[in-house]
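Each remark here refers to the structure printed beneath this line.
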Amino acid sequence: MVTTKPDTRPDNARFSSGPCAKPPTWSLESLGDAPLGRSHRATVGKAKLAEAIDLTREVLNIPADYRIGIVPASDTGAFEMAMWTMLGERPAEMVAWESFGAGWVTDVVKQLKIEATVHEAAYGEIVDMAALNYDNDVCFTWNGTTSGVRMPHGDMIPADRAGLTLCDATSAAFAQDLPWDKLDVTTFSWQKVMGGEAAHGMLILSPRAVERLESYTPAWPLPKIFRLTSKGKLIEGIFKGETINTPSMLCVEDYLVALKWGQTLGGQPGLKARADANAGVIFDFCEKHDWIANLAVDPATRSNTSVCLKFTDDRITDGAAFAKAVAKRLEAEGVALDVGAYRDAPAGLRIWCGATVDHSDVAALMPWIEWAFEAEIAA
């Protein structure tokens with residue numbers, strides 16, 4: 001029998017995994033201080049960009065000797081910039097357990113043609129990170145946005161490694177603990193955990209990464225948009241707010257608003273606690289219902305941001321069609337937008353639980369998922 005529709009609806013139905021929901025206190029009026037129509041190279045523009053860098057360091061507790069730069073093209077641009085400028089000095093260890101990690105593998109093996117060992121795991125599983133050769137350069141995602149599988153910790157990364165670690169942390173930064181001493185290059189984008197606007201990426205470099213940039217010149221030509229050095233020295237201005245190309249000052253202001261909201265929660269620990277609580281609602285729901293399960297096989301690797309779910313009921317004959325139909329029902333009711341699984345991932349749902357999502361909205365969504373499941377089974 002189909003359950004009746006729940007009485008309570010989420011106040012905010014935005015559960016997209018990117019761009020993600022705005023902070024709960026956000027409003028258009030909060031962007032009123034944006035220096036629109038002004039040059040990003042003017043004093044006011046540079047001050048805003050520098051403030052974004054400084055607040056990023058403060059909220060994430062990034063070491064003082066790490067460089068932080070704002071770069072073009074979101075997390076993708078930041079990670080491509082790192083690979084094209086730093087890889088090739090030694091062999092690479094390429095790690096993939098979902099589609100974005102697989103994309104980095106393709107770039108290194110087929111585009112840059114670097115000698116590489118590829119380590120892959122199926123959706124829901126994770127590579128044995130302790131088995132890698134860290135005397136080579138290692139490229140990996142911290143949180144698999146499309147699989148909901150994350151690194152449980154960084155203990156397997158040795159402190160005395162000879163190679164660099166390049167970490168795509170776009171759906172992990174601000175919500176998961178990142179061990180900065182184990183990460184030489186870290187990238188993320190504003191539109192994930194902080195709910196900022198898209199098209200801008202963050203590039204964070206350890207002193208070891210800076211040393212690589214200043215001591216190694218790739219064999220391939222670099223477009224202007226990727227160049228981080230000049231005459232063998234790091235272009236320090238990039239890490240002080242002098243961006244490579246023109247940023248959107250409206251987007252910068254939006255990121256500043258999100259960072260200041262994060263400060264009110266106590267920084268990264270407070271942001272992480274919100275994501276943990278949100279994800280916990282879904283984990284508990286799955287424990288109580290035998291027709292739905294977390295895609296992540298090992299509970300220790302379950303993401304607290306991009307929570308990916310699969311339907312396990314034996315009555316379902318076409319998993320992809322069923323999952324799409326459930327997501328369509330939820331959207332039609334206005335209770336959950338953009339919760340279908342990523343196009344390359346196994347069929348199911350993907351519910352964003354990052355810090356900008358309110359706990360009460362996740363809790364209100366769970367009965368609706370049960371209703372949509374039972375309604376689709378009956379149909």
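Residues are named by chain letter and number: chains run A, B, ... in the order of the structure tokens, numbers start at 1 in each chain, and ligands are numbered from 1 in the order shown.
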Q: as a PyMOL selection string, list the residues of segment 123-367 of chain A assigned to alpha helix (DSSP H) by DSSP on the backbone atoms of this structure.
A: chain A and resi 207-215+249-264+268-288+319-332+359-367
Q.
I'd like the contact shell of segment 111-115 of chain A - 12 Å cut-off, only C-alpha atoms, skipping same-chain residues fewer than 5 positions apart - returned as number ranges by chain.
A. A: 80, 83-94, 103-106, 136-137, 218-222
Q: Choose the residue, out of A:Gly280, A:Pro247, A:Gly201, A:Pro158, that has the smallest atom-to-atom separation from Gly354 of chain A; count only C-alpha atoms.
A: A:Gly280
(Q) Could you list, as an MDAnalysis selection string, every residue within 9 Å of Ile53 of chain A, counting only C-alpha atoms and ignoring same-chain residues fewer than 4 positions away? (A) chainID A and resid 48:49 57:58 68:70 202 239:241
Taking only C-alpha atoms into account, produce a table as a tab-separated table in which each residue of segment 244-330 of chain A with an atom at most 7 Å from an atom of segment 19-32 of chain A appears once, together with its shortest atom pair and the distance in Å to one decimal, ordered by chain and rising number.
```
residue	atom	partner	partner_atom	distance
A:Glu253	CA	A:Leu31	CA	6.0
A:Asp254	CA	A:Leu31	CA	6.2
A:Ala258	CA	A:Pro23	CA	6.5
```
